[in-house]
Amino acid sequence: MSTTTPSSASGPSMTLDVSGTPKVPFTRLVGVELRKIYDTRAGRWLLGAIVLITAAIMTIFFFATDAPDRTFGNFIGISATPQGFLLPVLGVLLVTSEWSQRTAMVTFALEPSRGKVIAAKTIAALLFGIAAFVAALAVAALCTLLGGAEGGFDGIEGTLFGLFLALQLFTILQGVAYGLLLLNTPAAIVTLFVAPIASTIVFNLVSALRDLAPWLDLSTAQAPLFESFGGAGLTGEQYAQLGTTTLIWIVIPFVLGWLRVLRAEVK
Amino acid sequence: MIKVDRLTRTYGGFTAVDDVSFTCQPGRVTGFLGPNGAGKTTTMRIMVGLTPATRGTATIGGLDYHDIPNPGRHVGVLLDAGAQHAGRTGREILTLGAKTMGLPMSRVDEMLALVSLTDAEAKRRMRNYSLGMKQRLGIAHALLGDPSVLILDEPANGLDPAGIRWMRDLLKGYANRGGTVLLSSHLLNEVELVADEMILIGRGKIVAQGDKASLLAQSGPAASLVTSLDNERLAGALRAKGYAAAPAGSGLRVDAEPAEVGRAALEAGVVLTDLRSGARGLEDLFLELTAGTQREGHPEAATQLQEGAQA
């Protein structure tokens, strides 16, 4: 591997022998990005908060409801709120901390392909999202078994859980996207929380826009997903609305942010 | 090993790097010297692909930085020792680097030992590091992958005198083993002791380059300062040989090489008590060459400012 030790140079050569050096494998980059999530105190606090708040809110729900309401689906539904708030922050921080702490200079010097680094960060954030979802499933199953309703696991639909996981993952992507686009922690977090709420208010207040809301406003389009727990599935139109709002609020900012980082001067 | 060819970088109407060309040879330490804001850092950032060039190229070992696989194994980079996460420990910062490059973890301990950071210090978080400790950690990070090229921006900044000497020895040893070193500084005396080759830059343009002797050769005619037991007789002997000699302090200032003055003294039988070169030093040359580019406008002010900054 190390063919370039100064001592092994046979006479001054003006070229680098890189034939024995493979590129940095993508899996290794993902591993490093995963480590960056939890190797600071701030990161560990955020992860701890996600776990504790999820567990706490399920416990509260457990004691605040009567047995018939303690279904698996309800436990999962209740865990979505804190996770939906906190996981995207993790996505934001994974990107913006490289800029606020100026570690991007080191990261991109070790892996000049910025696209690979962004992809590794995105995958790392999504892996944490999946882990959080699996943890929520485990706690929810435990709660349901402990004191749940008769037939608490009835009517569990795989597609619904798939959709639910997808929703969580897209929320994380949204965090990563705003991080990439703004490259600034406070700005990205504020945008992440304020922009969708502001949009919902505008769409509800302006009557001319109200009909367009399910197609353009993120929370309006996602609402049926939360309501459908224990109820009917989504209609084709609702899927389409999820699609357009995801495109507008998540995919387009992600692509623009990606392009911004590729071109940015790393300071 | 490093080849910079007609490199230019503009920001709107401002030209930070203006048609800069130079090469850094393996086995040599190249000093990149210039006042603050002269374009040193921008040039180095372009070399490692963090800033795109407006025109021109910078290659390392014939390759564009982007085309070097696992570049940390070939090029050690330290652009800003402070550019690390304040909440990570020194050891963790090196661990992330080692993991990215695919190195065994023993390499982290080796590098910590090399830069004399103790176990306790390595466990401290970056925000509690002094500037000197950050520099040591940054140098450890640059050396992690056992690279053959080192690019260091102001590495001596914040080091104490012992630390500066340690780094000088480290870089000299590294170059002696065949490595290529490019280091920048705005302080001449930091560079002139370690660099085999010097590149002087001011306001984005290279104003002079070469080794110390060739730089001094351009710095004006030879001159000597001499003191003897009989200055008047020596002055007469020198004038007889056609050299101008004028009183200066307790001795004479002569427009000739010290060797010529010594020969004249020998022939005249005058005992010398002091004889040295009176040619202007590198510092005068540096200040003169960059005078047009100094913020202060005249070298005296710049000298005072530099001394103030060092204190």
# chains A, B, ... in the order shown; residues from 1 in each chain; ligands from 1
$ residues_around --residues "segment 99-106 of chain B" --least-positions-apart "3" --cutoff "12 Å" --atoms "only C-alpha atoms" --output "VMD selection string"
(chain A and resid 1 to 2 21 to 36 106 to 111 117 120) or (chain B and resid 69 to 76 91 to 96 109 to 113 141 to 147)
$ residues_around --residues "Val181 of chain B" --least-positions-apart "4" --cutoff "8 Å" --atoms "only C-alpha atoms" --output "ChimeraX atom specification"
/B:24,26-30,149-152,171,175
$ write_last_selection --atoms "N, CA and C atoms" --output "mmCIF file, in the first residue's frame"
data_model
loop_
_atom_site.group_PDB
_atom_site.id
_atom_site.type_symbol
_atom_site.label_atom_id
_atom_site.label_comp_id
_atom_site.auth_asym_id
_atom_site.auth_seq_id
_atom_site.Cartn_x
_atom_site.Cartn_y
_atom_site.Cartn_z
ATOM 1 N N CYS B 24 7.884 22.459 -6.942
ATOM 2 C CA CYS B 24 8.528 22.026 -5.704
ATOM 3 C C CYS B 24 9.151 20.665 -5.980
ATOM 4 N N PRO B 26 11.164 17.055 -5.107
ATOM 5 C CA PRO B 26 11.282 16.076 -4.024
ATOM 6 C C PRO B 26 12.638 16.217 -3.344
ATOM 7 N N GLY B 27 12.668 15.928 -2.065
ATOM 8 C CA GLY B 27 13.915 16.020 -1.331
ATOM 9 C C GLY B 27 14.262 17.425 -0.906
ATOM 10 N N ARG B 28 13.360 18.343 -1.172
ATOM 11 C CA ARG B 28 13.636 19.739 -0.814
ATOM 12 C C ARG B 28 12.450 20.347 -0.077
ATOM 13 N N VAL B 29 12.772 21.282 0.802
ATOM 14 C CA VAL B 29 11.726 22.058 1.463
ATOM 15 C C VAL B 29 11.588 23.373 0.708
ATOM 16 N N THR B 30 10.394 23.643 0.226
ATOM 17 C CA THR B 30 10.146 24.889 -0.483
ATOM 18 C C THR B 30 9.351 25.812 0.425
ATOM 19 N N VAL B 149 4.249 13.866 -0.149
ATOM 20 C CA VAL B 149 4.198 15.309 -0.374
ATOM 21 C C VAL B 149 3.498 15.944 0.826
ATOM 22 N N LEU B 150 4.035 17.043 1.313
ATOM 23 C CA LEU B 150 3.394 17.763 2.422
ATOM 24 C C LEU B 150 3.079 19.182 1.978
ATOM 25 N N ILE B 151 1.858 19.606 2.223
ATOM 26 C CA ILE B 151 1.463 20.985 1.924
ATOM 27 C C ILE B 151 0.975 21.597 3.236
ATOM 28 N N LEU B 152 1.739 22.521 3.781
ATOM 29 C CA LEU B 152 1.443 23.058 5.107
ATOM 30 C C LEU B 152 1.315 24.576 5.044
ATOM 31 N N LEU B 171 10.663 18.570 9.377
ATOM 32 C CA LEU B 171 10.499 18.794 7.944
ATOM 33 C C LEU B 171 11.800 18.549 7.194
ATOM 34 N N ALA B 175 12.269 15.802 4.253
ATOM 35 C CA ALA B 175 12.768 16.109 2.905
ATOM 36 C C ALA B 175 14.028 15.300 2.611
#
$ interface_residues --of "chain B" --to "chain A" --cutoff "6 Å" --atoms "only C-alpha atoms" --output "PyMOL selection string"
chain B and resi 1+26+50-51+61-62+66+69-72+83-85+87-88+148+177-179
$ atom_distance --atom1 "atom CA of Pro68 of chain A" --atom2 "atom CA of Ala135 of chain A"
23.1 Å
$ select_by_dssp --residues "segment 170-207 of chain B" --states "strand (DSSP E or B)" --output "number ranges by chain"
B: 180-185, 197-202, 205-207
$ atom_distance --atom1 "atom CA of Thr185 of chain A" --atom2 "atom CA of Gly49 of chain B"
24.6 Å
$ residues_around --residues "Pro258 of chain B" --least-positions-apart "3" --cutoff "12 Å" --atoms "only C-alpha atoms" --output "PyMOL selection string"
chain B and resi 222-227+238+243+252-255+261-265+272+274-279
$ atom_distance --atom1 "atom CA of Leu183 of chain A" --atom2 "atom CA of Leu90 of chain A"
13.9 Å
$ select_by_dssp --residues "segment 80-279 of chain B" --states "alpha helix (DSSP H)" --output "JSON, numbers by chain"
{"B": [90, 91, 92, 93, 94, 95, 96, 97, 98, 99, 100, 101, 106, 107, 108, 109, 110, 111, 112, 113, 114, 119, 120, 121, 122, 131, 132, 133, 134, 135, 136, 137, 138, 139, 140, 141, 142, 143, 161, 162, 163, 164, 165, 166, 167, 168, 169, 170, 171, 172, 173, 174, 175, 176, 188, 189, 190, 191, 192, 212, 213, 214, 215, 216, 217, 231, 232, 233, 234, 235, 236, 237, 238, 239, 240, 258, 259, 260, 261, 262, 263, 264, 265, 266, 267, 268]}
$ residues_around --residues "segment 228-233 of chain B" --least-positions-apart "2" --cutoff "7 Å" --atoms "only C-alpha atoms" --output "list in words"
Val226, Ala235, Gly236, Ala237, Gly251, Val270, Val271, Leu272, Thr273 and Asp274 of chain B
$ residues_around --residues "Arg280 of chain B" --least-positions-apart "4" --cutoff "12 Å" --atoms "only C-alpha atoms" --output "list in words"
Leu215, Leu216, Ala217, Gln218, Ser219, Gly220, Pro221, Ala222, Ala223, Ser224, Leu225, Arg276, Asp284, Leu285, Phe286, Leu287 and Glu288 of chain B
$ write_last_selection --atoms "C-alpha atoms" --output "PDB file, in the first residue's frame"
ATOM      1  CA  LEU B 215      18.177  35.274  -3.915  1.00  0.00           C
ATOM      2  CA  LEU B 216      20.952  37.058  -2.041  1.00  0.00           C
ATOM      3  CA  ALA B 217      22.918  37.443  -5.250  1.00  0.00           C
ATOM      4  CA  GLN B 218      20.119  39.571  -6.647  1.00  0.00           C
ATOM      5  CA  SER B 219      20.019  41.652  -3.541  1.00  0.00           C
ATOM      6  CA  GLY B 220      22.688  44.110  -4.642  1.00  0.00           C
ATOM      7  CA  PRO B 221      26.467  44.600  -4.748  1.00  0.00           C
ATOM      8  CA  ALA B 222      28.782  42.939  -2.273  1.00  0.00           C
ATOM      9  CA  ALA B 223      29.622  44.816   0.910  1.00  0.00           C
ATOM     10  CA  SER B 224      31.560  44.113   4.091  1.00  0.00           C
ATOM     11  CA  LEU B 225      31.675  45.500   7.567  1.00  0.00           C
ATOM     12  CA  ARG B 276      31.480  40.113   8.105  1.00  0.00           C
ATOM     13  CA  ASP B 284      15.714  43.561   3.372  1.00  0.00           C
ATOM     14  CA  LEU B 285      15.258  41.805   0.073  1.00  0.00           C
ATOM     15  CA  PHE B 286      11.915  40.378   1.146  1.00  0.00           C
ATOM     16  CA  LEU B 287      10.628  43.729   2.319  1.00  0.00           C
ATOM     17  CA  GLU B 288      11.936  45.515  -0.746  1.00  0.00           C
TER      18      GLU B 288
END
$ residues_around --residues "Leu137 of chain B" --least-positions-apart "3" --cutoff "8 Å" --atoms "only C-alpha atoms" --output "ChimeraX atom specification"
/B:81,90,112,115,117,133-134,140-141
$ residues_around --residues "Phe164 of chain A" --least-positions-apart "3" --cutoff "12 Å" --atoms "only C-alpha atoms" --output "PyMOL selection string"
chain A and resi 73+76-81+83-84+129-130+133-134+136-137+157-161+167-171+222-229+233-234
$ write_last_selection --atoms "N, CA and C atoms" --output "CSV table (one decimal), in the first residue's frame"
chain,number,residue,atom,x,y,z
A,73,GLY,N,-50.6,-0.2,16.1
A,73,GLY,CA,-50.6,0.9,15.1
A,73,GLY,C,-50.6,2.3,15.8
A,76,ILE,N,-47.1,3.1,17.2
A,76,ILE,CA,-46.2,3.6,16.2
A,76,ILE,C,-46.5,5.0,15.8
A,77,GLY,N,-47.9,5.2,15.6
A,77,GLY,CA,-48.3,6.6,15.2
A,77,GLY,C,-47.8,7.7,16.2
A,78,ILE,N,-47.9,7.3,17.5
A,78,ILE,CA,-47.5,8.3,18.5
A,78,ILE,C,-46.0,8.6,18.5
A,79,SER,N,-45.2,7.6,18.1
A,79,SER,CA,-43.8,7.7,18.1
A,79,SER,C,-43.3,8.6,16.9
A,80,ALA,N,-44.2,8.7,15.9
A,80,ALA,CA,-43.8,9.4,14.7
A,80,ALA,C,-43.5,10.9,14.9
A,81,THR,N,-44.3,11.5,15.9
A,81,THR,CA,-44.1,12.9,16.1
A,81,THR,C,-42.8,13.3,16.6
A,83,GLN,N,-40.0,11.6,16.6
A,83,GLN,CA,-38.9,11.2,15.6
A,83,GLN,C,-38.9,12.1,14.4
A,84,GLY,N,-40.1,12.5,14.0
A,84,GLY,CA,-40.2,13.4,12.8
A,84,GLY,C,-39.6,14.7,13.0
A,129,GLY,N,-32.1,6.7,10.6
A,129,GLY,CA,-33.5,6.8,10.6
A,129,GLY,C,-34.2,5.4,10.6
A,130,ILE,N,-33.6,4.5,9.9
A,130,ILE,CA,-34.1,3.1,9.9
A,130,ILE,C,-33.9,2.5,11.3
A,133,PHE,N,-36.5,3.8,13.5
A,133,PHE,CA,-37.8,3.2,13.2
A,133,PHE,C,-37.9,1.8,13.8
A,134,VAL,N,-36.9,1.0,13.7
A,134,VAL,CA,-36.8,-0.3,14.2
A,134,VAL,C,-37.0,-0.3,15.7
A,136,ALA,N,-38.5,2.0,17.4
A,136,ALA,CA,-39.8,2.4,17.7
A,136,ALA,C,-40.7,1.2,17.6
A,137,LEU,N,-40.5,0.3,16.5
A,137,LEU,CA,-41.3,-0.9,16.4
A,137,LEU,C,-41.2,-1.8,17.6
A,157,GLU,N,-50.9,-3.5,8.4
A,157,GLU,CA,-50.7,-3.7,6.9
A,157,GLU,C,-49.2,-3.3,6.6
A,158,GLY,N,-48.6,-4.2,5.9
A,158,GLY,CA,-47.2,-4.0,5.5
A,158,GLY,C,-47.0,-2.7,4.8
A,159,THR,N,-47.8,-2.4,3.8
A,159,THR,CA,-47.7,-1.2,2.9
A,159,THR,C,-47.7,0.0,3.8
A,160,LEU,N,-48.6,0.0,4.8
A,160,LEU,CA,-48.7,1.2,5.6
A,160,LEU,C,-47.4,1.5,6.3
A,161,PHE,N,-46.8,0.4,6.9
A,161,PHE,CA,-45.6,0.6,7.6
A,161,PHE,C,-44.5,1.0,6.6
A,167,LEU,N,-41.9,7.9,4.9
A,167,LEU,CA,-42.2,9.3,5.3
A,167,LEU,C,-41.1,9.8,6.3
A,168,GLN,N,-40.7,8.9,7.2
A,168,GLN,CA,-39.6,9.2,8.2
A,168,GLN,C,-38.3,9.5,7.4
A,169,LEU,N,-38.0,8.6,6.4
A,169,LEU,CA,-36.8,8.8,5.7
A,169,LEU,C,-36.8,10.0,4.9
A,170,PHE,N,-37.9,10.4,4.3
A,170,PHE,CA,-38.0,11.6,3.5
A,170,PHE,C,-37.8,12.8,4.4
A,171,THR,N,-38.3,12.7,5.6
A,171,THR,CA,-38.1,13.8,6.5
A,171,THR,C,-36.7,14.1,6.8
A,222,GLN,N,-49.4,15.1,3.6
A,222,GLN,CA,-49.0,14.0,4.5
A,222,GLN,C,-50.1,13.6,5.5
A,223,ALA,N,-51.1,14.5,5.7
A,223,ALA,CA,-52.1,14.3,6.7
A,223,ALA,C,-52.8,13.0,6.6
A,224,PRO,N,-53.3,12.6,5.4
A,224,PRO,CA,-54.0,11.3,5.2
A,224,PRO,C,-53.2,10.1,5.7
A,225,LEU,N,-51.9,10.2,5.7
A,225,LEU,CA,-51.1,9.1,6.1
A,225,LEU,C,-51.2,8.8,7.6
A,226,PHE,N,-51.3,9.9,8.3
A,226,PHE,CA,-51.4,9.8,9.8
A,226,PHE,C,-52.8,9.3,10.1
A,227,GLU,N,-53.8,9.9,9.4
A,227,GLU,CA,-55.2,9.5,9.7
A,227,GLU,C,-55.5,8.1,9.3
A,228,SER,N,-54.8,7.5,8.4
A,228,SER,CA,-55.1,6.2,7.8
A,228,SER,C,-54.7,5.1,8.7
A,229,PHE,N,-54.1,5.4,9.9
A,229,PHE,CA,-53.7,4.3,10.8
A,229,PHE,C,-54.9,3.6,11.4
A,233,GLY,N,-56.6,2.6,3.4
A,233,GLY,CA,-55.3,3.0,2.8
A,233,GLY,C,-55.5,4.3,2.1
A,234,LEU,N,-54.4,4.7,1.3
A,234,LEU,CA,-54.5,5.9,0.6
A,234,LEU,C,-55.0,5.7,-0.8
